[in-house]
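Data first, discussion second: the structure below is written as structure tokens.
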Amino acid sequence: MRYAERLQQRIEKTGSRLCVGLDPRPGDGGAQFARNFLQQVIEETAVWAAAFKPNMAYFEAMGIEGIRLLEDLLAGMPEDVPVILDAKRSDIGETQKYYAQGYFGGWNVDAVTLNPFLGYDSIEPFLDWKGKGVYLLAVTSNAGSADFQQQKLADGRSVFELVTALGDRALEEKRKTDVGYVVGLTNAADVLEKIPDAPLLVPGLGAQGGDLASLAAANRTAPDVINVSRGILYAGDELGFGARAKSWAEKIAAAFPG
């Protein structure tokens, strides 16, 4: 089964497009605090999760203990919830080959985020993994997206359209890995009509103030998922993680009545 098909099945099973971001901020508690914290988050939110998205930076910040923690969490993830590893890797092909082996072969995650700046040969090592997916950074949720990604080229295209052309090429070549894109909700309104109907990982809802209306109006059919991290892990209210996830899942579902 291809990655997009598995993700679509999960969305249909849960009625949820919510991607639960796992961004631990251990503070003085260190990796052990983060371990207990994230295990509780995963247990309480799994029923509402179309996917989980651990962010490599937060685990790397804890050193080797953080990497061990990530490995343990990945090994114990609910089998029916796809895992998107937010790594944003970008390197020459030979190095990318080992990233792909580590993430897809060793850790067996379902999908990985990649920075496509080095070009097609830099993402190729990730493209022949059956049942896996990659999300290429296309239009991110930060203000700096305007510095490069949304700049116009001489032929009238925007830079992010060069990114989607890589995904189109992989599709034409019938590669085994599904290619999707990261499109930030805060910058989505002006770009969605130029984004292929491939799986999207959509950050920017919640703390970053993104609006679901533009995404819902695009009438896309691909299994897009909308990420919420801080709004579930660090909302600062009296609700539990599961209640927060339920609330966000319901808000997202309300925006997509079809």
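Letters A, B, ... mark the chains of the structure tokens in the order given; residue numbers begin at 1 per chain; ligand numbers begin at 1, in order shown.
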With DSSP run on the backbone, what are the alpha helix (DSSP H) residues within region 11-225 of chain A? I'd like them as a short mmCIF file (atom, residue, chain, number, x, y, z; two decimals) with all heavy atoms, in the first residue's frame.
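Printed below is out_26.cif as written:
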data_model
loop_
_atom_site.label_atom_id
_atom_site.label_comp_id
_atom_site.auth_asym_id
_atom_site.auth_seq_id
_atom_site.Cartn_x
_atom_site.Cartn_y
_atom_site.Cartn_z
N ILE A 11 -7.36 8.86 7.86
CA ILE A 11 -8.25 10.02 7.91
C ILE A 11 -9.70 9.57 7.90
O ILE A 11 -10.54 10.07 8.66
CB ILE A 11 -7.96 10.97 6.73
CG1 ILE A 11 -6.59 11.63 6.92
CG2 ILE A 11 -9.05 12.03 6.59
CD1 ILE A 11 -6.11 12.42 5.71
N GLU A 12 -10.02 8.61 7.06
CA GLU A 12 -11.39 8.12 6.97
C GLU A 12 -11.80 7.38 8.24
O GLU A 12 -12.94 7.51 8.71
CB GLU A 12 -11.54 7.21 5.75
CG GLU A 12 -11.41 7.96 4.43
CD GLU A 12 -11.41 7.04 3.24
OE1 GLU A 12 -11.46 5.80 3.43
OE2 GLU A 12 -11.37 7.55 2.09
N LYS A 13 -10.87 6.65 8.83
CA LYS A 13 -11.18 5.90 10.04
C LYS A 13 -11.47 6.82 11.22
O LYS A 13 -12.41 6.58 12.00
CB LYS A 13 -10.02 4.97 10.39
CG LYS A 13 -10.22 4.18 11.69
CD LYS A 13 -9.03 3.27 11.99
CE LYS A 13 -9.23 2.52 13.31
NZ LYS A 13 -8.07 1.63 13.59
N THR A 14 -10.69 7.87 11.35
CA THR A 14 -10.82 8.77 12.51
C THR A 14 -11.75 9.94 12.25
O THR A 14 -12.21 10.58 13.20
CB THR A 14 -9.44 9.34 12.89
OG1 THR A 14 -8.91 10.08 11.78
CG2 THR A 14 -8.48 8.23 13.27
N GLY A 30 14.74 17.41 31.61
CA GLY A 30 15.55 16.58 30.74
C GLY A 30 14.74 15.52 29.99
O GLY A 30 13.52 15.57 29.88
N ALA A 31 15.47 14.54 29.45
CA ALA A 31 14.87 13.54 28.60
C ALA A 31 13.86 12.67 29.33
O ALA A 31 12.88 12.22 28.74
CB ALA A 31 15.96 12.67 27.97
N GLN A 32 14.07 12.41 30.61
CA GLN A 32 13.14 11.55 31.33
C GLN A 32 11.78 12.23 31.48
O GLN A 32 10.74 11.61 31.34
CB GLN A 32 13.69 11.19 32.72
CG GLN A 32 12.83 10.18 33.47
CD GLN A 32 12.60 8.89 32.67
OE1 GLN A 32 13.54 8.28 32.16
NE2 GLN A 32 11.34 8.50 32.52
N PHE A 33 11.81 13.53 31.77
CA PHE A 33 10.54 14.27 31.83
C PHE A 33 9.86 14.24 30.47
O PHE A 33 8.65 14.01 30.36
CB PHE A 33 10.78 15.72 32.25
CG PHE A 33 9.54 16.58 32.17
CD1 PHE A 33 8.64 16.60 33.22
CD2 PHE A 33 9.27 17.33 31.04
CE1 PHE A 33 7.49 17.38 33.15
CE2 PHE A 33 8.12 18.10 30.96
CZ PHE A 33 7.24 18.13 32.02
N ALA A 34 10.65 14.47 29.40
CA ALA A 34 10.09 14.47 28.05
C ALA A 34 9.50 13.10 27.71
O ALA A 34 8.47 13.01 27.04
CB ALA A 34 11.16 14.86 27.04
N ARG A 35 10.15 12.03 28.15
CA ARG A 35 9.65 10.68 27.89
C ARG A 35 8.26 10.48 28.47
O ARG A 35 7.33 10.07 27.77
CB ARG A 35 10.63 9.65 28.46
CG ARG A 35 10.23 8.19 28.24
CD ARG A 35 11.25 7.25 28.88
NE ARG A 35 12.57 7.41 28.28
CZ ARG A 35 12.98 6.77 27.20
NH1 ARG A 35 12.17 5.90 26.61
NH2 ARG A 35 14.20 6.97 26.73
N ASN A 36 8.10 10.80 29.73
CA ASN A 36 6.80 10.63 30.38
C ASN A 36 5.75 11.54 29.75
O ASN A 36 4.60 11.14 29.55
CB ASN A 36 6.93 10.91 31.88
CG ASN A 36 7.85 9.94 32.58
OD1 ASN A 36 8.04 8.80 32.13
ND2 ASN A 36 8.45 10.36 33.68
N PHE A 37 6.16 12.76 29.47
CA PHE A 37 5.27 13.76 28.88
C PHE A 37 4.75 13.28 27.53
O PHE A 37 3.54 13.28 27.26
CB PHE A 37 6.05 15.07 28.75
CG PHE A 37 5.33 16.19 28.07
CD1 PHE A 37 4.34 16.90 28.73
CD2 PHE A 37 5.66 16.56 26.78
CE1 PHE A 37 3.69 17.95 28.12
CE2 PHE A 37 5.02 17.61 26.15
CZ PHE A 37 4.03 18.31 26.82
N LEU A 38 5.66 12.85 26.65
CA LEU A 38 5.26 12.47 25.30
C LEU A 38 4.48 11.16 25.28
O LEU A 38 3.57 10.99 24.46
CB LEU A 38 6.49 12.36 24.40
CG LEU A 38 7.16 13.69 24.07
CD1 LEU A 38 8.42 13.46 23.26
CD2 LEU A 38 6.21 14.60 23.30
N GLN A 39 4.83 10.24 26.14
CA GLN A 39 4.05 9.00 26.20
C GLN A 39 2.60 9.30 26.57
O GLN A 39 1.67 8.69 26.03
CB GLN A 39 4.68 8.04 27.21
CG GLN A 39 5.97 7.40 26.71
CD GLN A 39 6.65 6.53 27.74
OE1 GLN A 39 6.43 6.66 28.94
NE2 GLN A 39 7.52 5.64 27.28
N GLN A 40 2.41 10.25 27.47
CA GLN A 40 1.05 10.64 27.84
C GLN A 40 0.35 11.33 26.68
O GLN A 40 -0.84 11.06 26.40
CB GLN A 40 1.07 11.56 29.06
CG GLN A 40 -0.32 11.94 29.56
CD GLN A 40 -0.26 12.83 30.80
OE1 GLN A 40 0.81 13.12 31.33
NE2 GLN A 40 -1.42 13.26 31.25
N VAL A 41 1.06 12.22 25.98
CA VAL A 41 0.48 12.90 24.82
C VAL A 41 0.03 11.89 23.78
O VAL A 41 -1.11 11.95 23.27
CB VAL A 41 1.50 13.88 24.20
CG1 VAL A 41 0.98 14.41 22.86
CG2 VAL A 41 1.78 15.04 25.14
N ILE A 42 0.90 10.95 23.43
CA ILE A 42 0.58 9.97 22.40
C ILE A 42 -0.62 9.11 22.81
O ILE A 42 -1.54 8.89 22.03
CB ILE A 42 1.81 9.09 22.11
CG1 ILE A 42 2.91 9.94 21.45
CG2 ILE A 42 1.44 7.90 21.23
CD1 ILE A 42 4.25 9.26 21.39
N GLU A 43 -0.61 8.65 24.05
CA GLU A 43 -1.70 7.80 24.53
C GLU A 43 -3.03 8.53 24.49
O GLU A 43 -4.05 7.95 24.08
CB GLU A 43 -1.39 7.35 25.95
CG GLU A 43 -2.47 6.44 26.55
CD GLU A 43 -2.13 5.98 27.95
OE1 GLU A 43 -0.94 6.07 28.34
OE2 GLU A 43 -3.04 5.53 28.66
N GLU A 44 -3.04 9.79 24.90
CA GLU A 44 -4.31 10.52 25.02
C GLU A 44 -4.82 11.07 23.69
O GLU A 44 -6.02 11.28 23.53
CB GLU A 44 -4.16 11.65 26.03
CG GLU A 44 -3.94 11.17 27.45
CD GLU A 44 -3.91 12.30 28.47
OE1 GLU A 44 -4.27 13.45 28.10
OE2 GLU A 44 -3.50 12.05 29.62
N THR A 45 -3.92 11.31 22.73
CA THR A 45 -4.34 11.95 21.48
C THR A 45 -4.47 10.99 20.31
O THR A 45 -5.00 11.37 19.26
CB THR A 45 -3.34 13.05 21.07
OG1 THR A 45 -2.06 12.47 20.79
CG2 THR A 45 -3.21 14.11 22.17
N MET A 56 12.67 16.59 14.84
CA MET A 56 14.02 16.16 15.20
C MET A 56 14.75 17.17 16.08
O MET A 56 15.51 16.80 16.98
CB MET A 56 14.85 15.92 13.94
CG MET A 56 14.60 14.60 13.24
SD MET A 56 15.17 13.17 14.21
CE MET A 56 16.93 13.47 14.25
N ALA A 57 14.55 18.46 15.86
CA ALA A 57 15.32 19.49 16.57
C ALA A 57 15.16 19.38 18.08
O ALA A 57 16.12 19.54 18.84
CB ALA A 57 14.91 20.88 16.09
N TYR A 58 13.94 19.13 18.52
CA TYR A 58 13.67 19.08 19.95
C TYR A 58 14.34 17.88 20.61
O TYR A 58 14.75 17.95 21.77
CB TYR A 58 12.16 19.06 20.20
CG TYR A 58 11.49 20.35 19.79
CD1 TYR A 58 11.06 20.56 18.49
CD2 TYR A 58 11.29 21.36 20.72
CE1 TYR A 58 10.46 21.74 18.11
CE2 TYR A 58 10.68 22.55 20.36
CZ TYR A 58 10.27 22.73 19.04
OH TYR A 58 9.68 23.93 18.67
N PHE A 59 14.42 16.79 19.87
CA PHE A 59 15.08 15.60 20.42
C PHE A 59 16.60 15.75 20.36
O PHE A 59 17.30 15.36 21.30
CB PHE A 59 14.62 14.36 19.65
CG PHE A 59 13.16 14.06 19.84
CD1 PHE A 59 12.21 14.58 18.98
CD2 PHE A 59 12.74 13.26 20.89
CE1 PHE A 59 10.85 14.32 19.16
CE2 PHE A 59 11.39 13.00 21.09
CZ PHE A 59 10.45 13.53 20.22
N GLU A 60 17.12 16.32 19.28
CA GLU A 60 18.55 16.52 19.18
C GLU A 60 19.06 17.48 20.26
O GLU A 60 20.21 17.35 20.72
CB GLU A 60 18.90 17.07 17.79
CG GLU A 60 18.71 16.05 16.68
CD GLU A 60 18.93 16.64 15.30
OE1 GLU A 60 19.13 17.88 15.21
OE2 GLU A 60 18.89 15.88 14.32
N ILE A 64 22.28 12.72 23.14
CA ILE A 64 22.10 11.30 22.84
C ILE A 64 20.89 10.73 23.55
O ILE A 64 20.21 9.83 23.03
CB ILE A 64 23.38 10.51 23.20
CG1 ILE A 64 23.30 9.10 22.63
CG2 ILE A 64 23.63 10.50 24.70
CD1 ILE A 64 23.25 9.05 21.11
N GLU A 65 20.57 11.25 24.72
CA GLU A 65 19.38 10.76 25.43
C GLU A 65 18.11 11.12 24.66
O GLU A 65 17.13 10.37 24.68
CB GLU A 65 19.34 11.34 26.85
CG GLU A 65 20.40 10.77 27.77
CD GLU A 65 20.31 9.26 27.90
OE1 GLU A 65 19.19 8.73 28.00
OE2 GLU A 65 21.37 8.60 27.88
N GLY A 66 18.13 12.26 24.00
CA GLY A 66 16.98 12.64 23.19
C GLY A 66 16.80 11.73 22.00
O GLY A 66 15.66 11.39 21.63
N ILE A 67 17.92 11.32 21.39
CA ILE A 67 17.83 10.39 20.25
C ILE A 67 17.32 9.03 20.73
O ILE A 67 16.49 8.39 20.06
CB ILE A 67 19.19 10.26 19.56
CG1 ILE A 67 19.65 11.63 19.04
CG2 ILE A 67 19.12 9.25 18.43
CD1 ILE A 67 18.70 12.27 18.05
N ARG A 68 17.80 8.58 21.86
CA ARG A 68 17.30 7.31 22.41
C ARG A 68 15.81 7.41 22.70
O ARG A 68 15.05 6.45 22.47
CB ARG A 68 18.07 6.95 23.68
CG ARG A 68 19.52 6.57 23.46
CD ARG A 68 20.12 5.94 24.71
NE ARG A 68 21.53 5.60 24.53
CZ ARG A 68 22.53 6.25 25.09
NH1 ARG A 68 22.29 7.28 25.88
NH2 ARG A 68 23.77 5.87 24.87
N LEU A 69 15.41 8.54 23.24
CA LEU A 69 14.00 8.75 23.52
C LEU A 69 13.18 8.67 22.23
O LEU A 69 12.15 7.98 22.18
CB LEU A 69 13.79 10.11 24.18
CG LEU A 69 12.36 10.65 24.25
CD1 LEU A 69 11.44 9.68 24.99
CD2 LEU A 69 12.34 12.03 24.89
N LEU A 70 13.64 9.33 21.18
CA LEU A 70 12.92 9.29 19.91
C LEU A 70 12.84 7.87 19.37
O LEU A 70 11.77 7.43 18.91
CB LEU A 70 13.61 10.20 18.89
CG LEU A 70 12.98 10.24 17.49
CD1 LEU A 70 11.53 10.66 17.55
CD2 LEU A 70 13.78 11.16 16.58
N GLU A 71 13.93 7.14 19.44
CA GLU A 71 13.92 5.75 18.97
C GLU A 71 12.90 4.92 19.74
O GLU A 71 12.15 4.12 19.15
CB GLU A 71 15.31 5.13 19.11
CG GLU A 71 16.32 5.64 18.12
CD GLU A 71 17.65 4.90 18.23
OE1 GLU A 71 17.99 4.45 19.34
OE2 GLU A 71 18.33 4.78 17.20
N ASP A 72 12.85 5.09 21.04
CA ASP A 72 11.90 4.34 21.86
C ASP A 72 10.46 4.71 21.54
O ASP A 72 9.58 3.84 21.46
CB ASP A 72 12.19 4.57 23.35
CG ASP A 72 13.50 3.96 23.80
OD1 ASP A 72 14.05 3.11 23.07
OD2 ASP A 72 13.98 4.32 24.89
N LEU A 73 10.22 6.00 21.35
CA LEU A 73 8.87 6.44 21.02
C LEU A 73 8.43 5.88 19.67
O LEU A 73 7.30 5.42 19.52
CB LEU A 73 8.79 7.96 21.01
CG LEU A 73 8.87 8.68 22.35
CD1 LEU A 73 8.90 10.19 22.14
CD2 LEU A 73 7.70 8.30 23.25
N LEU A 74 9.32 5.93 18.70
CA LEU A 74 8.98 5.41 17.37
C LEU A 74 8.68 3.92 17.42
O LEU A 74 7.75 3.44 16.76
CB LEU A 74 10.12 5.68 16.39
CG LEU A 74 10.37 7.16 16.03
CD1 LEU A 74 11.62 7.30 15.19
CD2 LEU A 74 9.17 7.74 15.31
N ALA A 75 9.44 3.20 18.21
CA ALA A 75 9.22 1.75 18.32
C ALA A 75 7.88 1.43 18.97
O ALA A 75 7.30 0.37 18.70
CB ALA A 75 10.34 1.11 19.13
N GLY A 93 23.42 13.65 -2.68
CA GLY A 93 22.76 12.37 -2.77
C GLY A 93 23.37 11.26 -1.93
O GLY A 93 22.66 10.47 -1.30
N GLU A 94 24.70 11.18 -1.90
CA GLU A 94 25.35 10.10 -1.16
C GLU A 94 25.02 10.19 0.33
O GLU A 94 24.75 9.19 0.99
CB GLU A 94 26.86 10.15 -1.37
CG GLU A 94 27.63 9.05 -0.67
CD GLU A 94 27.36 7.66 -1.22
OE1 GLU A 94 26.72 7.55 -2.30
OE2 GLU A 94 27.78 6.68 -0.59
N THR A 95 25.03 11.41 0.88
CA THR A 95 24.68 11.59 2.28
C THR A 95 23.19 11.34 2.52
O THR A 95 22.81 10.69 3.49
CB THR A 95 25.05 13.01 2.75
OG1 THR A 95 26.43 13.24 2.49
CG2 THR A 95 24.78 13.18 4.23
N GLN A 96 22.37 11.81 1.59
CA GLN A 96 20.92 11.60 1.71
C GLN A 96 20.58 10.11 1.72
O GLN A 96 19.60 9.69 2.35
CB GLN A 96 20.18 12.29 0.56
CG GLN A 96 20.18 13.81 0.64
CD GLN A 96 19.23 14.37 1.68
OE1 GLN A 96 19.50 14.29 2.87
NE2 GLN A 96 18.14 14.95 1.23
N LYS A 97 21.38 9.32 1.02
CA LYS A 97 21.14 7.87 1.00
C LYS A 97 21.16 7.30 2.41
O LYS A 97 20.33 6.45 2.76
CB LYS A 97 22.20 7.18 0.13
CG LYS A 97 22.07 5.66 0.08
CD LYS A 97 23.09 5.06 -0.86
CE LYS A 97 24.50 5.16 -0.31
NZ LYS A 97 25.49 4.45 -1.18
N TYR A 98 22.06 7.79 3.22
CA TYR A 98 22.17 7.27 4.58
C TYR A 98 21.10 7.85 5.50
O TYR A 98 20.63 7.18 6.42
CB TYR A 98 23.58 7.51 5.12
CG TYR A 98 24.58 6.64 4.41
CD1 TYR A 98 25.36 7.14 3.36
CD2 TYR A 98 24.71 5.29 4.73
CE1 TYR A 98 26.24 6.32 2.68
CE2 TYR A 98 25.60 4.47 4.07
CZ TYR A 98 26.36 4.99 3.05
OH TYR A 98 27.23 4.16 2.36
N TYR A 99 20.70 9.08 5.24
CA TYR A 99 19.54 9.60 5.96
C TYR A 99 18.31 8.74 5.66
O TYR A 99 17.54 8.38 6.56
CB TYR A 99 19.25 11.05 5.55
CG TYR A 99 20.11 12.09 6.22
CD1 TYR A 99 20.71 13.09 5.47
CD2 TYR A 99 20.30 12.10 7.61
CE1 TYR A 99 21.49 14.07 6.08
CE2 TYR A 99 21.07 13.07 8.21
CZ TYR A 99 21.67 14.05 7.44
OH TYR A 99 22.42 15.03 8.05
N ALA A 100 18.12 8.41 4.39
CA ALA A 100 16.97 7.59 4.01
C ALA A 100 17.03 6.21 4.66
O ALA A 100 16.01 5.71 5.15
CB ALA A 100 16.90 7.47 2.48
N TYR A 120 16.93 17.76 -7.52
CA TYR A 120 16.27 16.45 -7.62
C TYR A 120 17.17 15.31 -7.16
O TYR A 120 16.71 14.38 -6.49
CB TYR A 120 15.83 16.20 -9.07
CG TYR A 120 14.91 15.01 -9.23
CD1 TYR A 120 13.59 15.06 -8.80
CD2 TYR A 120 15.37 13.83 -9.81
CE1 TYR A 120 12.74 13.98 -8.95
CE2 TYR A 120 14.53 12.73 -9.97
CZ TYR A 120 13.21 12.82 -9.53
OH TYR A 120 12.37 11.73 -9.68
N ASP A 121 18.46 15.35 -7.52
CA ASP A 121 19.32 14.24 -7.13
C ASP A 121 19.49 14.15 -5.62
O ASP A 121 19.85 13.08 -5.09
CB ASP A 121 20.67 14.30 -7.84
CG ASP A 121 21.50 15.52 -7.46
OD1 ASP A 121 20.91 16.53 -7.01
OD2 ASP A 121 22.73 15.49 -7.63
N SER A 122 19.20 15.23 -4.90
CA SER A 122 19.32 15.19 -3.45
C SER A 122 18.11 14.54 -2.78
O SER A 122 18.19 14.12 -1.62
CB SER A 122 19.52 16.60 -2.88
OG SER A 122 18.32 17.36 -2.93
N ILE A 123 16.98 14.47 -3.48
CA ILE A 123 15.82 13.79 -2.90
C ILE A 123 15.67 12.37 -3.45
O ILE A 123 14.93 11.56 -2.87
CB ILE A 123 14.51 14.59 -3.12
CG1 ILE A 123 14.09 14.60 -4.59
CG2 ILE A 123 14.65 16.00 -2.59
CD1 ILE A 123 12.70 15.15 -4.82
N VAL A 159 9.26 30.43 -7.13
CA VAL A 159 10.28 29.44 -6.79
C VAL A 159 9.65 28.15 -6.27
O VAL A 159 10.13 27.05 -6.59
CB VAL A 159 11.26 30.03 -5.76
CG1 VAL A 159 12.20 28.96 -5.24
CG2 VAL A 159 12.07 31.18 -6.38
N PHE A 160 8.56 28.27 -5.49
CA PHE A 160 7.96 27.04 -4.96
C PHE A 160 7.44 26.14 -6.07
O PHE A 160 7.30 24.92 -5.88
CB PHE A 160 6.85 27.36 -3.95
CG PHE A 160 5.58 27.92 -4.53
CD1 PHE A 160 4.62 27.11 -5.09
CD2 PHE A 160 5.35 29.30 -4.50
CE1 PHE A 160 3.44 27.61 -5.62
CE2 PHE A 160 4.18 29.83 -5.02
CZ PHE A 160 3.23 28.99 -5.59
N GLU A 161 7.17 26.70 -7.25
CA GLU A 161 6.72 25.87 -8.36
C GLU A 161 7.86 25.02 -8.92
O GLU A 161 7.61 23.97 -9.54
CB GLU A 161 6.09 26.73 -9.45
CG GLU A 161 4.78 27.36 -9.00
CD GLU A 161 4.17 28.25 -10.06
OE1 GLU A 161 3.46 27.72 -10.95
OE2 GLU A 161 4.38 29.48 -9.99
N LEU A 162 9.10 25.44 -8.70
CA LEU A 162 10.23 24.58 -9.04
C LEU A 162 10.26 23.36 -8.12
O LEU A 162 10.68 22.27 -8.52
CB LEU A 162 11.54 25.35 -8.92
CG LEU A 162 11.71 26.59 -9.81
CD1 LEU A 162 13.08 27.21 -9.57
CD2 LEU A 162 11.53 26.24 -11.27
N VAL A 163 9.83 23.58 -6.88
CA VAL A 163 9.76 22.47 -5.93
C VAL A 163 8.69 21.48 -6.36
O VAL A 163 8.92 20.26 -6.39
CB VAL A 163 9.49 23.00 -4.51
CG1 VAL A 163 9.28 21.83 -3.54
CG2 VAL A 163 10.62 23.89 -4.03
N THR A 164 7.50 21.98 -6.68
CA THR A 164 6.43 21.05 -7.08
C THR A 164 6.76 20.34 -8.39
O THR A 164 6.27 19.23 -8.64
CB THR A 164 5.08 21.78 -7.19
OG1 THR A 164 5.15 22.81 -8.18
CG2 THR A 164 4.69 22.41 -5.85
N ALA A 165 7.61 20.96 -9.21
CA ALA A 165 8.04 20.28 -10.44
C ALA A 165 8.85 19.03 -10.13
O ALA A 165 8.82 18.05 -10.89
CB ALA A 165 8.85 21.23 -11.31
N LEU A 166 9.58 19.03 -9.00
CA LEU A 166 10.32 17.84 -8.59
C LEU A 166 9.34 16.71 -8.27
O LEU A 166 9.58 15.55 -8.62
CB LEU A 166 11.19 18.14 -7.37
CG LEU A 166 12.23 19.25 -7.50
CD1 LEU A 166 13.05 19.35 -6.21
CD2 LEU A 166 13.13 19.02 -8.70
N GLY A 167 8.26 17.04 -7.59
CA GLY A 167 7.25 16.03 -7.29
C GLY A 167 6.58 15.51 -8.55
O GLY A 167 6.30 14.31 -8.67
N ASP A 168 6.32 16.41 -9.49
CA ASP A 168 5.72 15.99 -10.76
C ASP A 168 6.66 15.03 -11.49
O ASP A 168 6.22 14.04 -12.08
CB ASP A 168 5.45 17.21 -11.65
CG ASP A 168 4.32 18.08 -11.13
OD1 ASP A 168 3.51 17.59 -10.31
OD2 ASP A 168 4.26 19.26 -11.53
N ARG A 169 7.95 15.31 -11.44
CA ARG A 169 8.92 14.43 -12.10
C ARG A 169 8.92 13.05 -11.46
O ARG A 169 8.94 12.03 -12.17
CB ARG A 169 10.32 15.05 -12.02
CG ARG A 169 11.40 14.18 -12.62
CD ARG A 169 12.75 14.88 -12.60
NE ARG A 169 13.84 13.97 -12.96
CZ ARG A 169 15.13 14.31 -12.99
NH1 ARG A 169 15.49 15.56 -12.71
NH2 ARG A 169 16.05 13.42 -13.31
N ALA A 170 8.89 13.00 -10.14
CA ALA A 170 8.86 11.71 -9.44
C ALA A 170 7.61 10.92 -9.82
O ALA A 170 7.66 9.70 -9.99
CB ALA A 170 8.92 11.93 -7.94
N LEU A 171 6.50 11.62 -9.97
CA LEU A 171 5.25 10.97 -10.36
C LEU A 171 5.36 10.42 -11.78
O LEU A 171 4.94 9.28 -12.05
CB LEU A 171 4.11 11.98 -10.25
CG LEU A 171 2.68 11.44 -10.36
CD1 LEU A 171 2.38 10.47 -9.22
CD2 LEU A 171 1.68 12.60 -10.35
N GLU A 172 5.92 11.21 -12.68
CA GLU A 172 6.08 10.76 -14.06
C GLU A 172 7.00 9.55 -14.15
O GLU A 172 6.80 8.67 -15.00
CB GLU A 172 6.65 11.90 -14.90
CG GLU A 172 5.68 13.06 -15.10
CD GLU A 172 6.36 14.27 -15.72
OE1 GLU A 172 7.58 14.18 -16.01
OE2 GLU A 172 5.68 15.30 -15.90
N ALA A 213 -9.87 28.50 6.12
CA ALA A 213 -10.84 28.79 5.06
C ALA A 213 -10.23 28.61 3.67
O ALA A 213 -10.87 28.03 2.78
CB ALA A 213 -11.38 30.20 5.21
N SER A 214 -9.01 29.09 3.46
CA SER A 214 -8.41 29.00 2.13
C SER A 214 -8.14 27.56 1.73
O SER A 214 -8.34 27.18 0.58
CB SER A 214 -7.11 29.81 2.09
OG SER A 214 -6.19 29.35 3.07
N LEU A 215 -7.72 26.74 2.69
CA LEU A 215 -7.46 25.34 2.40
C LEU A 215 -8.76 24.61 2.08
O LEU A 215 -8.82 23.82 1.14
CB LEU A 215 -6.75 24.69 3.58
CG LEU A 215 -6.32 23.23 3.41
CD1 LEU A 215 -5.34 23.09 2.25
CD2 LEU A 215 -5.70 22.69 4.69
N ALA A 216 -9.80 24.88 2.87
CA ALA A 216 -11.09 24.23 2.63
C ALA A 216 -11.67 24.63 1.28
O ALA A 216 -12.27 23.81 0.58
CB ALA A 216 -12.05 24.57 3.76
N ALA A 217 -11.47 25.89 0.90
CA ALA A 217 -12.04 26.38 -0.35
C ALA A 217 -11.34 25.82 -1.59
O ALA A 217 -11.87 25.89 -2.69
CB ALA A 217 -11.97 27.90 -0.38
#
Exercise. Have a look at A:Leu233, A:Leu153, A:Ala51, A:Leu192 and name the one nearest to Asp86 (chain A); count only C-alpha atoms.
Key: A:Ala51
Exercise. Would you please extract all strand (DSSP E) residues from region 11-248 of chain A, as assigned by DSSP on the backbone, and give them as an MDAnalysis selection string?
Key: chainID A and resid 18:22 51:54 84:89 111:114 133:139 178:183 200:202 225:228
Include C-alpha atoms and write out the residues we just selected as a PDB file, in the first residue's frame.
ATOM      1  CA  LEU A  18      -5.211  16.463  12.673  1.00  0.00           C
ATOM      2  CA  CYS A  19      -1.463  15.871  12.734  1.00  0.00           C
ATOM      3  CA  VAL A  20      -0.232  15.966  16.335  1.00  0.00           C
ATOM      4  CA  GLY A  21       3.162  17.634  16.500  1.00  0.00           C
ATOM      5  CA  LEU A  22       5.543  16.188  19.078  1.00  0.00           C
ATOM      6  CA  ALA A  51      -0.624  11.305  12.025  1.00  0.00           C
ATOM      7  CA  PHE A  52       2.066  12.078  14.578  1.00  0.00           C
ATOM      8  CA  LYS A  53       4.932  14.425  13.710  1.00  0.00           C
ATOM      9  CA  PRO A  54       8.028  14.315  15.941  1.00  0.00           C
ATOM     10  CA  ILE A  84       5.946  11.925   9.797  1.00  0.00           C
ATOM     11  CA  LEU A  85       9.493  12.677  10.923  1.00  0.00           C
ATOM     12  CA  ASP A  86      10.062  16.419  10.687  1.00  0.00           C
ATOM     13  CA  ALA A  87      13.762  16.417   9.824  1.00  0.00           C
ATOM     14  CA  LYS A  88      13.974  18.871   6.887  1.00  0.00           C
ATOM     15  CA  ARG A  89      17.136  17.160   5.647  1.00  0.00           C
ATOM     16  CA  ALA A 111       7.281   9.928   5.912  1.00  0.00           C
ATOM     17  CA  VAL A 112      10.036  12.543   6.214  1.00  0.00           C
ATOM     18  CA  THR A 113      10.185  16.274   5.530  1.00  0.00           C
ATOM     19  CA  LEU A 114      12.961  17.313   3.123  1.00  0.00           C
ATOM     20  CA  GLY A 133       6.350   9.412   1.684  1.00  0.00           C
ATOM     21  CA  VAL A 134       8.305  12.636   1.635  1.00  0.00           C
ATOM     22  CA  TYR A 135       7.102  16.202   2.106  1.00  0.00           C
ATOM     23  CA  LEU A 136       9.158  18.812   0.266  1.00  0.00           C
ATOM     24  CA  LEU A 137       9.293  22.300   1.751  1.00  0.00           C
ATOM     25  CA  ALA A 138       7.303  24.394  -0.723  1.00  0.00           C
ATOM     26  CA  VAL A 139       5.721  27.390   1.037  1.00  0.00           C
ATOM     27  CA  ASP A 178       4.797   9.424  -2.600  1.00  0.00           C
ATOM     28  CA  VAL A 179       5.813  13.083  -2.800  1.00  0.00           C
ATOM     29  CA  GLY A 180       3.839  15.748  -0.983  1.00  0.00           C
ATOM     30  CA  TYR A 181       4.553  19.287   0.138  1.00  0.00           C
ATOM     31  CA  VAL A 182       4.773  21.440   3.227  1.00  0.00           C
ATOM     32  CA  VAL A 183       2.482  24.429   2.765  1.00  0.00           C
ATOM     33  CA  LEU A 200       0.091  18.341   2.075  1.00  0.00           C
ATOM     34  CA  LEU A 201       1.548  18.732   5.540  1.00  0.00           C
ATOM     35  CA  VAL A 202       0.062  22.016   6.723  1.00  0.00           C
ATOM     36  CA  VAL A 225      -3.133  16.838   7.285  1.00  0.00           C
ATOM     37  CA  ILE A 226      -3.023  19.955   9.452  1.00  0.00           C
ATOM     38  CA  ASN A 227      -0.415  20.087  12.176  1.00  0.00           C
ATOM     39  CA  VAL A 228      -0.998  21.416  15.688  1.00  0.00           C
TER      40      VAL A 228
END
